[in-house]
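A.B. asks: Below is the file run.txt, which contains compact mmCIF, C-alpha atoms.
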# COMPACT_ATOMS: atom_id res chain seq x y z
CA MET Z 1 88.27 -49.02 152.96
CA ARG Z 2 91.67 -47.79 154.11
CA LEU Z 3 92.78 -47.74 150.47
CA MET Z 4 89.67 -45.84 149.40
CA GLY Z 5 89.95 -42.96 151.86
CA ARG Z 6 87.36 -41.30 154.11
CA ASP Z 7 85.79 -39.11 151.40
CA SER Z 8 84.79 -42.18 149.38
CA ILE Z 9 81.94 -44.63 149.00
CA ALA Z 10 81.95 -48.00 147.24
CA ILE Z 11 78.93 -49.70 145.66
CA LEU Z 12 78.92 -53.40 144.69
CA PRO Z 13 75.89 -55.18 143.22
CA ALA Z 14 75.33 -58.91 143.45
CA ALA Z 15 75.27 -60.96 140.27
CA PRO Z 16 71.86 -61.07 138.60
CA VAL Z 17 69.92 -64.28 138.08
CA ARG Z 18 70.44 -65.56 134.53
CA GLN Z 19 67.82 -67.30 132.40
CA ARG Z 20 68.89 -70.55 130.75
CA ASN Z 21 65.82 -70.92 128.57
CA ASN Z 22 62.15 -69.99 128.84
CA ASP Z 23 61.41 -69.91 132.59
CA VAL Z 24 64.42 -72.03 133.63
CA GLU Z 25 67.25 -70.30 135.46
CA TYR Z 26 70.93 -71.19 135.58
CA ALA Z 27 72.16 -72.32 138.98
CA TYR Z 28 72.96 -69.07 140.80
CA ARG Z 29 76.60 -68.15 141.29
CA GLN Z 30 77.45 -64.98 143.19
CA ASP Z 31 79.69 -62.27 141.71
CA SER Z 32 83.25 -63.00 142.86
CA ASP Z 33 84.06 -59.45 144.00
CA PHE Z 34 80.77 -59.19 145.89
CA TYR Z 35 81.27 -62.56 147.58
CA TYR Z 36 84.92 -61.80 148.39
CA LEU Z 37 83.86 -58.80 150.47
CA THR Z 38 80.54 -60.03 151.88
CA GLY Z 39 80.27 -63.81 151.91
CA PHE Z 40 76.62 -63.19 150.98
CA GLY Z 41 75.33 -65.67 148.40
CA GLU Z 42 71.89 -64.31 147.49
CA PRO Z 43 70.88 -62.37 144.36
CA GLU Z 44 69.19 -58.94 144.38
CA ALA Z 45 71.66 -57.51 146.86
CA VAL Z 46 73.93 -54.45 146.99
CA ALA Z 47 76.87 -53.83 149.32
CA VAL Z 48 77.90 -50.29 150.25
CA LEU Z 49 81.19 -49.39 151.96
CA ILE Z 50 81.50 -45.97 153.60
CA PRO Z 51 84.88 -45.48 155.29
CA GLY Z 52 84.85 -43.43 158.48
CA ARG Z 53 81.06 -43.36 158.89
CA GLU Z 54 80.14 -43.69 162.57
CA GLN Z 55 76.67 -45.16 162.09
CA ALA Z 56 77.55 -47.93 159.65
CA GLU Z 57 80.61 -48.41 157.43
CA TYR Z 58 79.31 -51.60 155.81
CA ILE Z 59 75.69 -51.69 154.63
CA LEU Z 60 73.82 -54.44 152.79
CA PHE Z 61 70.63 -54.04 150.80
CA VAL Z 62 68.97 -57.46 150.52
CA ARG Z 63 65.67 -59.10 149.69
CA ASP Z 64 63.13 -58.82 152.48
CA ARG Z 65 61.78 -61.96 154.11
CA ASP Z 66 58.79 -63.28 152.19
CA PRO Z 67 57.24 -66.56 153.41
CA LYS Z 68 55.31 -67.10 150.17
CA ARG Z 69 58.38 -66.69 147.92
CA GLU Z 70 60.59 -68.63 150.32
CA ALA Z 71 58.21 -71.58 150.04
CA TRP Z 72 59.06 -71.67 146.32
CA ASP Z 73 62.66 -70.48 146.14
CA GLY Z 74 64.21 -71.16 149.54
CA ARG Z 75 65.03 -69.25 152.68
CA ARG Z 76 66.23 -65.65 152.56
CA ALA Z 77 68.48 -63.94 155.09
CA GLY Z 78 66.53 -60.69 155.09
CA PRO Z 79 67.96 -57.49 156.64
CA GLU Z 80 68.11 -59.09 160.09
CA GLY Z 81 70.11 -62.08 158.80
CA ALA Z 82 72.42 -59.76 156.87
CA THR Z 83 73.55 -58.10 160.09
CA ARG Z 84 73.35 -61.17 162.31
CA ASP Z 85 75.06 -63.70 160.02
CA HIS Z 86 77.03 -61.68 157.47
CA GLY Z 87 78.64 -58.93 159.51
CA ALA Z 88 76.87 -55.92 158.02
CA ASN Z 89 76.70 -52.92 160.34
CA ASP Z 90 73.23 -52.19 158.99
CA ALA Z 91 70.91 -53.64 156.36
CA PHE Z 92 67.81 -52.54 154.48
CA PRO Z 93 65.31 -54.12 152.08
CA ILE Z 94 66.51 -53.89 148.48
CA ALA Z 95 63.15 -52.33 147.59
CA ASP Z 96 64.17 -49.21 149.56
CA ILE Z 97 67.51 -48.65 147.83
CA ASP Z 98 66.32 -45.79 145.60
CA GLU Z 99 65.23 -43.86 148.69
CA ILE Z 100 68.28 -44.56 150.85
CA LEU Z 101 71.35 -44.80 148.61
CA PRO Z 102 71.26 -41.21 147.19
CA GLY Z 103 71.46 -39.94 150.76
CA LEU Z 104 74.49 -42.14 151.42
CA LEU Z 105 76.22 -40.69 148.34
CA GLU Z 106 75.98 -37.15 149.70
CA ASN Z 107 79.18 -35.58 151.02
CA HIS Z 108 81.40 -38.17 149.34
CA THR Z 109 83.50 -36.90 146.45
CA LYS Z 110 84.67 -40.29 145.16
CA VAL Z 111 82.49 -43.22 144.12
CA PHE Z 112 84.24 -46.59 143.72
CA TYR Z 113 82.25 -48.72 141.31
CA ALA Z 114 83.00 -51.30 138.59
CA MET Z 115 81.37 -49.66 135.59
CA GLY Z 116 80.56 -51.95 132.66
CA VAL Z 117 80.13 -55.22 134.56
CA TYR Z 118 76.35 -55.02 134.93
CA ALA Z 119 74.94 -52.56 132.37
CA GLU Z 120 71.48 -52.31 133.93
CA PHE Z 121 72.89 -51.44 137.34
CA ASP Z 122 75.28 -48.93 135.74
CA GLN Z 123 72.25 -46.89 134.73
CA ARG Z 124 70.95 -46.86 138.28
CA VAL Z 125 74.26 -45.63 139.68
CA VAL Z 126 74.45 -42.87 137.06
CA GLY Z 127 70.85 -41.95 137.84
CA TRP Z 128 71.54 -41.64 141.57
CA VAL Z 129 74.59 -39.46 140.98
CA ASN Z 130 72.85 -37.22 138.44
CA GLY Z 131 69.84 -36.88 140.72
CA LEU Z 132 72.05 -35.31 143.37
CA ARG Z 133 73.22 -32.50 141.10
CA THR Z 134 70.18 -30.44 141.98
CA LEU Z 135 71.44 -30.40 145.57
CA SER Z 136 74.73 -28.74 144.65
CA ARG Z 137 73.12 -25.32 145.04
CA ASN Z 138 72.72 -26.06 148.74
CA GLY Z 139 76.50 -26.18 149.18
CA ARG Z 140 76.70 -29.92 149.72
CA ASN Z 141 79.71 -31.94 148.56
CA LEU Z 142 78.61 -34.30 145.83
CA PRO Z 143 80.40 -37.12 143.98
CA GLN Z 144 82.97 -35.64 141.60
CA GLU Z 145 84.91 -38.73 140.59
CA LEU Z 146 83.97 -42.27 139.55
CA ILE Z 147 86.86 -44.66 140.28
CA ALA Z 148 87.21 -48.25 139.06
CA LEU Z 149 86.71 -50.39 142.14
CA ASN Z 150 88.31 -53.42 140.49
CA HIS Z 151 91.71 -51.69 140.32
CA VAL Z 152 91.92 -51.68 144.13
CA LEU Z 153 89.94 -54.83 144.83
CA HIS Z 154 91.58 -57.11 142.28
CA ASP Z 155 95.04 -56.35 143.60
CA MET Z 156 93.80 -57.45 147.03
CA ARG Z 157 92.36 -60.67 145.59
CA LEU Z 158 95.72 -61.50 144.00
CA TYR Z 159 97.21 -62.17 147.45
CA LYS Z 160 95.46 -65.15 149.05
CA SER Z 161 94.99 -65.31 152.81
CA ARG Z 162 95.60 -68.46 154.85
CA THR Z 163 91.87 -69.18 154.82
CA GLU Z 164 91.68 -68.79 151.05
CA ILE Z 165 94.65 -71.09 150.53
CA GLU Z 166 92.99 -73.70 152.76
CA LEU Z 167 89.90 -73.57 150.54
CA MET Z 168 92.07 -73.85 147.43
CA ARG Z 169 93.86 -76.87 148.92
CA GLU Z 170 90.51 -78.56 149.43
CA SER Z 171 89.35 -77.67 145.92
CA ALA Z 172 92.59 -79.11 144.52
CA ARG Z 173 92.31 -82.22 146.68
CA ILE Z 174 88.81 -82.96 145.40
CA ALA Z 175 89.81 -82.33 141.79
CA ALA Z 176 92.90 -84.53 142.11
CA GLN Z 177 90.70 -87.37 143.39
CA ALA Z 178 88.43 -86.88 140.38
CA HIS Z 179 91.37 -87.22 137.98
CA VAL Z 180 92.49 -90.40 139.71
CA ARG Z 181 88.96 -91.72 139.36
CA ALA Z 182 88.95 -90.83 135.64
CA MET Z 183 92.23 -92.70 135.08
CA ARG Z 184 90.91 -95.80 136.81
CA PHE Z 185 87.65 -95.69 134.84
CA CYS Z 186 89.12 -95.07 131.40
CA ARG Z 187 89.38 -97.91 128.89
CA PRO Z 188 88.84 -98.41 125.14
CA GLY Z 189 85.22 -98.31 124.02
CA ARG Z 190 83.99 -95.93 126.68
CA ARG Z 191 82.97 -92.44 125.68
CA GLU Z 192 84.30 -89.03 126.64
CA TYR Z 193 81.06 -88.07 128.42
CA GLU Z 194 81.30 -91.17 130.60
CA VAL Z 195 84.69 -90.00 131.85
CA MET Z 196 83.20 -86.54 132.40
CA ALA Z 197 80.43 -88.13 134.47
CA GLU Z 198 83.04 -89.73 136.73
CA LEU Z 199 84.68 -86.34 137.28
CA VAL Z 200 81.42 -84.56 138.06
CA HIS Z 201 80.34 -87.38 140.39
CA GLU Z 202 83.51 -86.98 142.41
CA PHE Z 203 83.05 -83.19 142.57
CA ARG Z 204 79.44 -83.36 143.69
CA ARG Z 205 79.99 -86.05 146.32
CA HIS Z 206 82.28 -83.54 148.08
CA ASN Z 207 79.81 -80.64 147.72
CA ALA Z 208 81.86 -79.04 144.96
CA ASP Z 209 80.80 -78.13 141.43
CA THR Z 210 82.61 -77.74 138.13
CA SER Z 211 84.66 -74.55 137.99
CA TYR Z 212 84.38 -74.66 134.17
CA HIS Z 213 83.01 -77.06 131.58
CA PRO Z 214 85.40 -80.05 131.62
CA ILE Z 215 87.53 -80.80 128.56
CA VAL Z 216 87.62 -84.55 127.91
CA GLY Z 217 89.30 -85.05 124.54
CA GLY Z 218 90.48 -88.37 123.18
CA GLY Z 219 92.74 -88.86 120.16
CA ALA Z 220 92.41 -85.97 117.68
CA ASN Z 221 90.27 -84.09 120.22
CA SER Z 222 93.27 -83.85 122.57
CA CYS Z 223 94.72 -81.30 120.13
CA VAL Z 224 91.69 -78.97 120.41
CA LEU Z 225 92.58 -76.60 123.25
CA HIS Z 226 89.04 -75.77 124.35
CA TYR Z 227 87.29 -78.95 123.21
CA ARG Z 228 83.78 -79.11 124.72
CA ASP Z 229 81.70 -81.72 122.90
CA ASN Z 230 82.91 -84.65 125.04
CA ASN Z 231 80.83 -87.12 123.03
CA GLN Z 232 83.26 -89.36 121.12
CA ALA Z 233 84.32 -92.95 121.72
CA LEU Z 234 87.73 -93.59 123.30
CA ASN Z 235 89.90 -95.68 121.01
CA ASP Z 236 92.62 -98.17 121.85
CA GLY Z 237 96.03 -96.57 121.23
CA ASP Z 238 94.86 -92.96 121.68
CA LEU Z 239 95.67 -90.46 124.41
CA LEU Z 240 92.96 -88.84 126.52
CA LEU Z 241 93.46 -85.24 127.67
CA VAL Z 242 91.31 -84.29 130.67
CA ASP Z 243 91.22 -80.64 131.76
CA ALA Z 244 88.83 -80.40 134.70
CA GLY Z 245 88.66 -78.55 137.99
CA CYS Z 246 86.07 -77.95 140.66
CA GLU Z 247 84.81 -74.98 142.63
CA TYR Z 248 84.65 -75.40 146.39
CA GLU Z 249 83.05 -72.59 148.39
CA CYS Z 250 83.71 -70.23 145.45
CA TYR Z 251 87.40 -71.19 145.06
CA ALA Z 252 88.55 -72.94 141.90
CA SER Z 253 90.98 -75.67 141.01
CA ASP Z 254 92.20 -76.29 137.46
CA ILE Z 255 93.98 -79.56 136.63
CA THR Z 256 94.96 -81.18 133.35
CA ARG Z 257 96.23 -84.72 133.03
CA THR Z 258 96.90 -86.69 129.85
CA PHE Z 259 96.98 -90.49 129.82
CA PRO Z 260 96.66 -93.42 127.41
CA VAL Z 261 93.16 -94.80 126.88
CA ASN Z 262 94.44 -98.38 127.17
CA GLY Z 263 96.74 -97.65 130.10
CA ARG Z 264 100.07 -97.89 128.20
CA PHE Z 265 101.91 -95.08 126.42
CA THR Z 266 103.26 -95.78 122.96
CA PRO Z 267 106.93 -94.82 122.47
CA GLU Z 268 105.91 -91.66 120.57
CA GLN Z 269 103.30 -90.67 123.14
CA ARG Z 270 105.77 -91.24 125.92
CA ALA Z 271 108.45 -89.17 124.17
CA VAL Z 272 106.12 -86.17 123.77
CA TYR Z 273 104.70 -86.62 127.26
CA GLU Z 274 108.14 -86.66 128.90
CA ILE Z 275 109.00 -83.33 127.25
CA VAL Z 276 105.82 -81.71 128.59
CA LEU Z 277 106.39 -83.22 132.02
CA GLU Z 278 109.95 -81.86 132.12
CA ALA Z 279 108.61 -78.45 131.06
CA ASN Z 280 105.97 -78.60 133.79
CA ARG Z 281 108.59 -79.34 136.44
CA ALA Z 282 111.02 -76.74 135.11
CA ALA Z 283 108.28 -74.10 135.21
CA ILE Z 284 107.24 -75.02 138.76
CA ALA Z 285 110.88 -74.70 139.84
CA GLN Z 286 110.76 -71.06 138.74
CA VAL Z 287 107.81 -70.23 141.01
CA ARG Z 288 109.35 -68.53 144.02
CA PRO Z 289 109.43 -65.07 145.62
CA GLY Z 290 111.49 -62.55 143.67
CA ASN Z 291 111.11 -64.23 140.29
CA HIS Z 292 108.93 -62.66 137.63
CA TRP Z 293 105.59 -63.85 136.26
CA ASN Z 294 107.20 -64.76 132.93
CA ASP Z 295 110.00 -66.89 134.38
CA PRO Z 296 107.98 -70.15 134.53
CA HIS Z 297 106.83 -69.65 130.93
CA ALA Z 298 110.37 -68.97 129.74
CA ALA Z 299 111.57 -72.16 131.45
CA ALA Z 300 108.79 -74.22 129.86
CA VAL Z 301 109.42 -72.76 126.39
CA LYS Z 302 113.11 -73.64 126.61
CA VAL Z 303 112.41 -77.27 127.53
CA VAL Z 304 109.66 -77.68 124.92
CA THR Z 305 111.77 -76.18 122.13
CA GLN Z 306 114.78 -78.36 122.93
CA GLY Z 307 112.54 -81.41 123.14
CA LEU Z 308 110.89 -80.73 119.80
CA VAL Z 309 114.32 -80.42 118.20
CA LYS Z 310 115.41 -83.77 119.68
CA LEU Z 311 112.27 -85.39 118.28
CA GLY Z 312 112.99 -83.86 114.87
CA LEU Z 313 109.72 -81.92 114.83
CA LEU Z 314 111.64 -78.61 114.72
CA LYS Z 315 114.77 -78.11 112.64
CA GLY Z 316 117.62 -75.81 113.61
CA ARG Z 317 119.34 -74.44 116.69
CA ALA Z 318 117.10 -74.52 119.74
CA ALA Z 319 118.11 -71.07 120.98
CA LYS Z 320 117.24 -69.40 117.67
CA LEU Z 321 114.00 -71.37 117.32
CA GLU Z 322 113.06 -70.24 120.80
CA ARG Z 323 113.77 -66.58 119.97
CA ASP Z 324 111.81 -66.85 116.72
CA GLY Z 325 108.81 -68.45 118.44
CA ALA Z 326 108.94 -71.55 116.27
CA TYR Z 327 107.65 -73.62 119.20
CA ARG Z 328 104.27 -71.87 118.90
CA ARG Z 329 103.32 -74.24 116.10
CA PHE Z 330 103.01 -76.96 118.74
CA PHE Z 331 102.77 -74.93 122.00
CA MET Z 332 100.58 -71.93 121.28
CA HIS Z 333 99.44 -70.77 124.73
CA ARG Z 334 100.98 -69.31 127.85
CA THR Z 335 102.20 -71.59 130.62
CA GLY Z 336 99.69 -70.42 133.22
CA HIS Z 337 97.30 -67.87 134.68
CA TRP Z 338 96.28 -66.53 138.07
CA LEU Z 339 93.91 -68.80 140.01
CA GLY Z 340 91.46 -68.09 142.82
CA MET Z 341 87.75 -67.38 142.99
CA ASP Z 342 87.78 -67.30 139.21
CA VAL Z 343 89.57 -69.95 137.15
CA HIS Z 344 91.30 -67.18 135.21
CA ASP Z 345 91.57 -65.03 138.28
CA VAL Z 346 91.97 -61.29 138.55
CA GLY Z 347 95.25 -59.42 138.90
CA ASP Z 348 97.65 -57.68 136.54
CA TYR Z 349 100.43 -59.72 134.95
CA LYS Z 350 102.53 -56.62 134.41
CA VAL Z 351 103.21 -53.54 136.51
CA GLY Z 352 103.95 -50.82 134.00
CA ASP Z 353 106.07 -52.46 131.33
CA GLU Z 354 107.63 -55.03 133.65
CA TRP Z 355 106.43 -58.56 134.44
CA ARG Z 356 105.02 -58.76 137.93
CA VAL Z 357 107.31 -59.98 140.70
CA LEU Z 358 106.04 -63.15 142.36
CA GLU Z 359 105.20 -62.77 146.06
CA PRO Z 360 103.89 -65.10 148.80
CA GLY Z 361 100.17 -65.74 148.55
CA MET Z 362 99.91 -65.55 144.77
CA ALA Z 363 98.25 -68.61 143.23
CA MET Z 364 98.55 -69.72 139.61
CA THR Z 365 98.47 -72.62 137.21
CA ILE Z 366 101.42 -74.21 135.42
CA GLU Z 367 100.26 -75.82 132.16
CA PRO Z 368 102.73 -76.42 129.33
CA GLY Z 369 101.57 -78.52 126.39
CA ILE Z 370 102.43 -79.93 122.99
CA TYR Z 371 99.73 -80.48 120.36
CA ILE Z 372 100.34 -82.30 117.07
CA PRO Z 373 97.12 -82.45 115.04
CA GLY Z 374 96.57 -85.07 112.36
CA GLY Z 375 97.89 -83.96 108.98
CA SER Z 376 100.68 -81.82 110.43
CA ARG Z 377 103.14 -81.17 107.61
CA GLY Z 378 106.66 -82.45 108.02
CA VAL Z 379 105.68 -84.53 111.06
CA PRO Z 380 105.93 -88.35 110.93
CA LYS Z 381 102.47 -89.89 111.02
CA ARG Z 382 103.23 -91.81 114.20
CA PHE Z 383 103.16 -88.47 116.08
CA HIS Z 384 99.82 -87.32 114.64
CA ASN Z 385 96.91 -86.65 117.02
CA ILE Z 386 99.12 -86.56 120.08
CA GLY Z 387 98.00 -83.76 122.35
CA VAL Z 388 99.55 -83.48 125.82
CA ARG Z 389 98.96 -80.90 128.53
CA ILE Z 390 99.98 -81.23 132.18
CA GLU Z 391 98.53 -78.60 134.48
CA ASP Z 392 99.11 -78.06 138.18
CA ASP Z 393 97.90 -75.45 140.68
CA VAL Z 394 100.59 -73.78 142.77
CA VAL Z 395 100.91 -71.12 145.45
CA VAL Z 396 103.95 -68.95 146.05
CA THR Z 397 105.21 -69.45 149.62
CA LYS Z 398 107.78 -67.49 151.66
CA THR Z 399 110.50 -69.94 150.66
CA GLY Z 400 109.35 -71.30 147.30
CA VAL Z 401 106.25 -73.02 146.01
CA GLU Z 402 103.49 -75.35 147.18
CA VAL Z 403 101.97 -77.65 144.55
CA LEU Z 404 98.31 -77.95 145.54
CA THR Z 405 97.60 -80.66 142.97
CA ALA Z 406 100.44 -83.04 143.86
CA ASN Z 407 97.95 -85.87 144.52
CA ALA Z 408 97.03 -86.07 140.83
CA PRO Z 409 99.55 -88.54 139.30
CA LYS Z 410 101.64 -87.26 136.39
CA GLY Z 411 104.67 -89.52 136.11
CA VAL Z 412 104.48 -92.06 133.26
CA ASP Z 413 105.15 -95.08 135.47
CA GLU Z 414 102.82 -93.72 138.14
CA ILE Z 415 99.96 -93.30 135.64
CA GLU Z 416 100.45 -96.70 134.05
CA ALA Z 417 100.56 -98.43 137.44
CA LEU Z 418 97.37 -96.67 138.55
CA MET Z 419 95.50 -97.51 135.35
CA ALA Z 420 96.59 -101.15 135.58
CA GLN Z 421 94.72 -101.40 138.88
CA GLY Z 422 91.47 -100.43 137.14
Now that the file is in, can you turn its structure into structure tokens?
C.D. replies:
Amino acid sequence: MRLMGRDSIAILPAAPVRQRNNDVEYAYRQDSDFYYLTGFGEPEAVAVLIPGREQAEYILFVRDRDPKREAWDGRRAGPEGATRDHGANDAFPIADIDEILPGLLENHTKVFYAMGVYAEFDQRVVGWVNGLRTLSRNGRNLPQELIALNHVLHDMRLYKSRTEIELMRESARIAAQAHVRAMRFCRPGRREYEVMAELVHEFRRHNADTSYHPIVGGGANSCVLHYRDNNQALNDGDLLLVDAGCEYECYASDITRTFPVNGRFTPEQRAVYEIVLEANRAAIAQVRPGNHWNDPHAAAVKVVTQGLVKLGLLKGRAAKLERDGAYRRFFMHRTGHWLGMDVHDVGDYKVGDEWRVLEPGMAMTIEPGIYIPGGSRGVPKRFHNIGVRIEDDVVVTKTGVEVLTANAPKGVDEIEALMAQG
């Protein structure tokens, strides 16, 4: 509200309920911006922020208590619970919003709102503002400017508080345990969805859920970046790439580990894996205050390019191949993304034309990879269908970096020893 200014008002709707099919709904997940500011997890709600207002700066519109509906759908906070349990200065039934909100808009020249996120609610906001135009003849100040709320709010979300980092640590801890469980469970003849079931079981037993649909790709499927089918048998001699994270109290983790189905890397698998592991560690070493967002990626690209040349999969001088982007044939994505309430979290990667400077509290992933699909031209067959990605979650600290996912094994010997235990 300090950033908005006293002549402003902000309006944030909750996420709508989504239909899965017929009369079946998806499990409800609150809008991240709304939850970040309110901690209120119910649908059919609207938050209003009015800086400098004596009566109430923070107002919630929520569903009224309804014993009949609550018997079917669960308990509601109601207006009383919104003030008592969620810190609102005042709260009203959502059914009264059309009567109350236009009056709150009066005498505020700026309206902060994220236009385009929820199209149906956009029309309501426009309707409220247009409905006030008839009052302009009375000399009242009316909204003159619609400002993107996400520009201010998403920059705030980029810097995690101590409490947020604690939640992210717990999310990463749970996810790391799930990856350990997957390694111990994996063996030839089992299927990708069985490994996925082990992951989800570990998430749910800690009251966490998937933060995205897990990627569990064995053999050729390890080279499909966003593989989702997770239905194939795991074959002796193949690698298994598992990209899976959980969401704990609305904060996400995002981990990828790659390991041999039979518990032992082949020489070729190990050679590719060691390059990606070195790139992962080189990139993490570049995460510290004062460095730029692109520095970890540049470090990973350098290691991957040099490694591919040593393996004979790229021909020429490493420095030139790096400049020309030749590595993109086998490493076609960036080395990471912001992480927080959303897996691909909000926040600009550039400020103007310059890469963003890393500062304490920023959280991100580090995920270099090498993917060599079957049939790759000029590549010896023994390297075909080797896909390796190693992804960690990190937070920039005052002095360097904290690796939140350190409990998920990633060293070759460490993985083989763990899988040998079964």
A.B. asks: Neighbours of Asn280 in chain Z within 7 Å (all atoms listed in the file; same-chain residues fewer than 3 positions away dropped), as a PyMOL selection string?
C.D. replies: chain Z and resi 276-277+283-284+300+366-368+390
A.B. asks: Find the residue from Z:Asn130, Z:Gln144, Z:Asn262, Z:Gln123 that sits nearest to Gly189 in chain Z; use all atoms listed in the file when measuring.
C.D. replies: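 Of the candidates, the smallest distance to Gly189 in chain Z is held by Z:Asn262.
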A.B. asks: Kindly extract all protein, DNA and RNA residues lying within 9 Å of the coordinates (84.9, -74.3, 142.9) given in the file, considering all atoms listed in the file, and supply them as JSON, numbers by chain.
C.D. replies: {"Z": [168, 171, 208, 209, 210, 211, 212, 245, 246, 247, 248, 249, 250, 251, 252, 253, 341, 342, 343]}
A.B. asks: In Å to one decimal, how far is CA of His201 in chain Z from CA of Leu167 in chain Z?
C.D. replies: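 Interatomic distance here is 19.6 Å.
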A.B. asks: Name the closest residue to Ile215 in chain Z among the candidates Z:Asp243, Z:Glu202, Z:Asp229, Z:Asp64; distances are taken between atoms, counting all atoms listed in the file.
C.D. replies: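 Answer, going by the shortest atom-to-atom distance: Z:Asp243.
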A.B. asks: Write out as a CSV table (one decimal) with C-alpha atoms, in the frame of the given file each polymer residue whose atoms come within 12 Å of Pro93 in chain Z, counting all atoms listed in the file; drop sequence neighbours fewer than 5 positions from it.
C.D. replies:
chain,number,residue,atom,x,y,z
Z,44,GLU,CA,69.2,-58.9,144.4
Z,45,ALA,CA,71.7,-57.5,146.9
Z,46,VAL,CA,73.9,-54.4,147.0
Z,47,ALA,CA,76.9,-53.8,149.3
Z,59,ILE,CA,75.7,-51.7,154.6
Z,60,LEU,CA,73.8,-54.4,152.8
Z,61,PHE,CA,70.6,-54.0,150.8
Z,62,VAL,CA,69.0,-57.5,150.5
Z,63,ARG,CA,65.7,-59.1,149.7
Z,64,ASP,CA,63.1,-58.8,152.5
Z,65,ARG,CA,61.8,-62.0,154.1
Z,66,ASP,CA,58.8,-63.3,152.2
Z,76,ARG,CA,66.2,-65.6,152.6
Z,77,ALA,CA,68.5,-63.9,155.1
Z,78,GLY,CA,66.5,-60.7,155.1
Z,79,PRO,CA,68.0,-57.5,156.6
Z,80,GLU,CA,68.1,-59.1,160.1
Z,81,GLY,CA,70.1,-62.1,158.8
Z,82,ALA,CA,72.4,-59.8,156.9
Z,98,ASP,CA,66.3,-45.8,145.6
Z,99,GLU,CA,65.2,-43.9,148.7
Z,100,ILE,CA,68.3,-44.6,150.8
Z,101,LEU,CA,71.4,-44.8,148.6
A.B. asks: Using Å and a single decimal, report how far CA of Pro267 in chain Z sits from CA of Arg328 in chain Z.
C.D. replies: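 Computing it gives 23.4 Å between the two atoms.
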A.B. asks: So that I can see what lies close to range 7-23 of chain Z, please list as a PyMOL selection string the residues with an atom at most 7 Å from it, counting only C-alpha atoms and leaving out residues fewer than 5 positions away in the same chain.
C.D. replies: chain Z and resi 28+30-31+34+43-51+105+108-113
A.B. asks: Kindly complete range 2-14 of chain Z to N, CA and C atoms; the output should be written as a tab-separated table (two decimals), in the frame of the given file.
C.D. replies:
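Generated output (rebuild-v3.tsv):
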chain	number	residue	atom	x	y	z
Z	2	ARG	N	90.49	-48.63	153.87
Z	2	ARG	CA	91.67	-47.79	154.11
Z	2	ARG	C	92.25	-47.29	152.79
Z	3	LEU	N	92.25	-48.14	151.77
Z	3	LEU	CA	92.78	-47.74	150.47
Z	3	LEU	C	91.89	-46.71	149.79
Z	4	MET	N	90.60	-46.78	150.03
Z	4	MET	CA	89.67	-45.84	149.40
Z	4	MET	C	89.80	-44.43	149.95
Z	5	GLY	N	89.92	-44.29	151.26
Z	5	GLY	CA	89.95	-42.96	151.86
Z	5	GLY	C	88.58	-42.57	152.40
Z	6	ARG	N	88.57	-41.63	153.37
Z	6	ARG	CA	87.36	-41.30	154.11
Z	6	ARG	C	86.34	-40.51	153.30
Z	7	ASP	N	86.75	-39.89	152.19
Z	7	ASP	CA	85.79	-39.11	151.40
Z	7	ASP	C	85.17	-39.95	150.29
Z	8	SER	N	85.21	-41.28	150.44
Z	8	SER	CA	84.79	-42.18	149.38
Z	8	SER	C	83.62	-43.06	149.81
Z	9	ILE	N	82.98	-43.64	148.80
Z	9	ILE	CA	81.94	-44.63	149.00
Z	9	ILE	C	82.07	-45.67	147.90
Z	10	ALA	N	81.88	-46.92	148.24
Z	10	ALA	CA	81.95	-48.00	147.24
Z	10	ALA	C	80.59	-48.68	147.14
Z	11	ILE	N	80.21	-49.04	145.91
Z	11	ILE	CA	78.93	-49.70	145.66
Z	11	ILE	C	79.21	-50.97	144.86
Z	12	LEU	N	78.73	-52.11	145.38
Z	12	LEU	CA	78.92	-53.40	144.69
Z	12	LEU	C	77.58	-54.12	144.57
Z	13	PRO	N	77.11	-54.39	143.37
Z	13	PRO	CA	75.89	-55.18	143.22
Z	13	PRO	C	76.19	-56.67	143.17
Z	14	ALA	N	75.23	-57.47	143.60
Z	14	ALA	CA	75.33	-58.91	143.45
Z	14	ALA	C	75.11	-59.29	141.99
